[in-house]
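For reference, the structure is listed below as structure tokens.
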Amino acid sequence: MDDRQRLRYSRHLLLNEFGEEAQERLLAAHALVIGAGGLGSAALLYLAASGMGRITVCDGDEVDLTNLQRQIVHSLDTLGTPKVDSAKRTLEGLNPDVDVVPYRERLTSENIDRILDDGWDIIVDGADNFPTRYLVNDASVWRGIPVVHGSIYRFEGQATVFKPHEGPCYRCLFPEPPPPELAPSCSEGGVLGVLPGIIGSLQANEAIKLAAGIGEPLIGRLLLFDALYTEFSEVKIDRNPNCPVCGDSPTITQYIDYVEFCAR
Ligand SMILES: [Zn+2]
């Protein structure tokens with residue numbers, strides 16, 4: 001670290017539990033953030049501010065006015081532009097130490113291996129749909145990359161860390177997606193604007209801890225947040241030995257595109 005970096009990260013360096021070594025590990029870490037929406041906005045801002053060395057953002061959408069109620073990495077200045085470019089502009093304005101790599105595409109079974117070949121230490125999953133969530137889960141198990149999971153619905157959110165073979169994966173909890181007619185709509189659901197900020201910040205916290213090698217990650221623990229009542233609760237979640245992906249006898253060994261979801 002140079003003098004300017006020691007100054008920028010001085011409030012980290014002052015923490016006994018953090019210090020220079022943890023900051024160096026953070027500066028050398030690579031995070032892949034899926035989605036530059038509500039969860040991604042909060043996670044991206046804190047990851048960049050904290051000095052996560054390389055951040056790839058994957059999102060195929062453009063910024064529209066309805067996004068600005070909660071997607072705080074974007075602004076009026078970037079309406080109509082790709083979200084990944086808008087996010088890159090904001091993050092580079094915040095911290096030039098961070099290398100921000102935009103992938104303007106929606107994650108699919110076709111492109112996920114190409115994107116993951118870049119060698120990521122951590123995946124922050126801010127996807128708003130089931131097909132992406134299952135793709136990310138299966139890829140992360142096969143490649144041994146921890147996933148910091150977050151999701152929101154109306155006034156409720158949840159977060160956990162899926163670390164392959166040390167704790168459960170998403171399919172240990174939900175082996176298959178719900179039938180499309182029972183799944184919440186991917187784009188039309190209402191959500192309290194501040195909620196993805198809270199859950200996305202929790203995801204940043206977990207990603208920073210994993211990268212810096214400090215604290216106890218949320219492995220095997222599902223953290224639930226109720227914004228209306230303002231209540232956190234925690235549920236213990238176990239690895240399922242019969243899990244179709246990370247279990248003892250996996251039955252899913254290649255990507256599945258759950259394309260029937262999110263037909264708009
Ligand atoms: Zn599993």
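A note on labels: chains of the structure tokens are A, B, ... as shown, every chain counts residues from 1, and ligands are counted from 1 in their shown order.
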Would you mind listing what lies within 10 Å of Arg239 in chain A as a short mmCIF file (atom, residue, chain, number, x, y, z; two decimals) with N, CA, C and O atoms, in the first residue's frame, with only C-alpha atoms counted and same-chain residues fewer than 4 positions away left out?
data_model
loop_
_atom_site.label_atom_id
_atom_site.label_comp_id
_atom_site.auth_asym_id
_atom_site.auth_seq_id
_atom_site.Cartn_x
_atom_site.Cartn_y
_atom_site.Cartn_z
N PHE A 162 -23.32 -19.32 0.92
CA PHE A 162 -23.22 -20.72 0.49
C PHE A 162 -21.76 -21.02 0.16
O PHE A 162 -21.26 -20.58 -0.87
N PRO A 164 -19.31 -23.89 -0.81
CA PRO A 164 -19.43 -25.27 -1.25
C PRO A 164 -18.74 -26.26 -0.31
O PRO A 164 -17.57 -26.08 0.03
N HIS A 165 -19.50 -27.26 0.09
CA HIS A 165 -19.05 -28.40 0.90
C HIS A 165 -18.70 -28.05 2.34
O HIS A 165 -18.44 -28.93 3.14
N GLU A 166 -18.72 -26.76 2.70
CA GLU A 166 -18.56 -26.40 4.12
C GLU A 166 -19.92 -26.15 4.75
O GLU A 166 -20.07 -26.18 5.97
N GLY A 167 -20.89 -25.82 3.92
CA GLY A 167 -22.25 -25.57 4.38
C GLY A 167 -23.19 -25.95 3.26
O GLY A 167 -22.76 -26.51 2.25
N PRO A 168 -24.47 -25.66 3.44
CA PRO A 168 -25.43 -26.02 2.40
C PRO A 168 -25.26 -25.14 1.16
O PRO A 168 -24.63 -24.09 1.22
N CYS A 169 -25.83 -25.60 0.04
CA CYS A 169 -25.96 -24.76 -1.15
C CYS A 169 -27.43 -24.40 -1.30
O CYS A 169 -28.27 -24.85 -0.52
N TYR A 170 -27.73 -23.58 -2.31
CA TYR A 170 -29.13 -23.15 -2.48
C TYR A 170 -30.05 -24.35 -2.75
O TYR A 170 -31.18 -24.39 -2.27
N ARG A 171 -29.53 -25.33 -3.51
CA ARG A 171 -30.36 -26.50 -3.81
C ARG A 171 -30.55 -27.42 -2.60
O ARG A 171 -31.45 -28.26 -2.61
N CYS A 172 -29.68 -27.32 -1.58
CA CYS A 172 -29.93 -28.08 -0.35
C CYS A 172 -31.24 -27.60 0.28
O CYS A 172 -31.97 -28.37 0.89
N LEU A 173 -31.51 -26.31 0.14
CA LEU A 173 -32.74 -25.73 0.70
C LEU A 173 -33.91 -25.90 -0.25
O LEU A 173 -35.02 -26.24 0.14
N GLY A 220 -24.20 -21.67 6.73
CA GLY A 220 -25.12 -22.52 7.50
C GLY A 220 -26.10 -21.73 8.34
O GLY A 220 -26.74 -22.29 9.23
N CYS A 243 -28.70 -33.68 -1.60
CA CYS A 243 -28.78 -32.53 -2.52
C CYS A 243 -28.40 -32.97 -3.93
O CYS A 243 -27.41 -33.67 -4.12
N CYS A 246 -24.71 -30.71 -4.56
CA CYS A 246 -23.55 -30.83 -3.66
C CYS A 246 -23.63 -32.06 -2.77
O CYS A 246 -22.78 -32.26 -1.90
N GLY A 247 -24.65 -32.91 -2.97
CA GLY A 247 -24.83 -34.10 -2.13
C GLY A 247 -23.85 -35.21 -2.46
O GLY A 247 -22.96 -35.06 -3.31
#
Contact residues around range 19-26 of chain A with only C-alpha atoms at 6 Å, ignoring same-chain residues under 5 positions, as a list in words: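 Non-adjacent residues within range: Leu13, Met52, Ala211 and Ala212 of chain A.
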Output file for the residues above (N, CA and C atoms, as a compact mmCIF listing (two decimals), in the first residue's frame):
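After the write, again.txt holds the following:
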# COMPACT_ATOMS: atom_id res chain seq x y z
N LEU A 13 -7.45 0.21 8.97
CA LEU A 13 -6.13 -0.13 9.54
C LEU A 13 -6.11 0.10 11.05
N MET A 52 -12.13 -3.45 -2.41
CA MET A 52 -12.12 -4.74 -3.12
C MET A 52 -11.41 -4.51 -4.46
N ALA A 211 -13.17 -12.05 1.93
CA ALA A 211 -11.97 -11.64 1.20
C ALA A 211 -10.85 -11.26 2.15
N ALA A 212 -11.19 -10.60 3.24
CA ALA A 212 -10.16 -10.13 4.17
C ALA A 212 -9.75 -11.21 5.16
From A:Asp59, A:Glu216, A:Asp238, A:Asp128, residue lying nearest ligand 1 [only C-alpha atoms and all ligand atoms]: A:Asp238
All alpha helix (DSSP H) residues (DSSP, backbone) inside range 132-254 of chain A, as a PyMOL selection string: chain A and resi 132-143+170-173+195-212
Contacts of range 36-45 of chain A at 10 Å (only C-alpha atoms; same-chain gap of 5+ positions) as a PyMOL selection string: chain A and resi 31+50+52+55-63+67-74+82-88+90-91+94-95+100+124-128+149-152+191+193-208
Nearest to ligand 1 by atom-to-atom distance, counting only C-alpha atoms and all ligand atoms, from A:Leu182, A:Ala139, A:Leu218, A:Ile122: A:Ala139
For range 255-257 of chain A, list every protein, DNA or RNA residue within 7 Å, evaluated using only C-alpha atoms, and leave out those in the same chain fewer than 6 positions away; present the list as a JSON list (two decimals) with C-alpha atoms, in the first residue's frame.
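Contents of part_12.json, freshly written:
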[["chain", "number", "residue", "atom", "x", "y", "z"],
["A", 109, "SER", "CA", -25.91, -21.42, -19.25],
["A", 131, "PRO", "CA", -33.03, -19.14, -13.39],
["A", 135, "LEU", "CA", -27.19, -21.29, -12.52]]
In range 80-216 of chain A, DSSP strand (DSSP E or B) residues written as a ChimeraX atom specification: /A:82,99-103,122-125,147-154,156-162,164,167,191
Selected residue of minimal separation from Leu210 in chain A among A:Val98, A:Gly157, A:Leu32, A:Lys163, counting only C-alpha atoms: A:Lys163
Pick from A:Asn16, A:Asn129, A:Thr253, A:Thr230, whichever lies nearest to Trp142 in chain A using only C-alpha atoms: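 Answer, going by the shortest atom-to-atom distance: A:Thr253.
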Among the residues A:Val148, A:Ile237, A:Leu222, A:Leu192, the one that comes closest to ligand 1 [using only C-alpha atoms and all ligand atoms]: A:Ile237
Point-to-point distance in Å for atom 1 (Zn, counted along the ligand's line) of ligand 1 and CA of Val245 in chain A: 5.4 Å
A:Ser10, A:Ser75, A:Asn240, A:Gln254 ranked by distance to ligand 1, top pick (using only C-alpha atoms and all ligand atoms):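 Smallest separation from ligand 1 among the options: A:Asn240.
Across the model, the gap from CA of Gln158 in chain A to CA of Gly189 in chain A is 16.5 Å.
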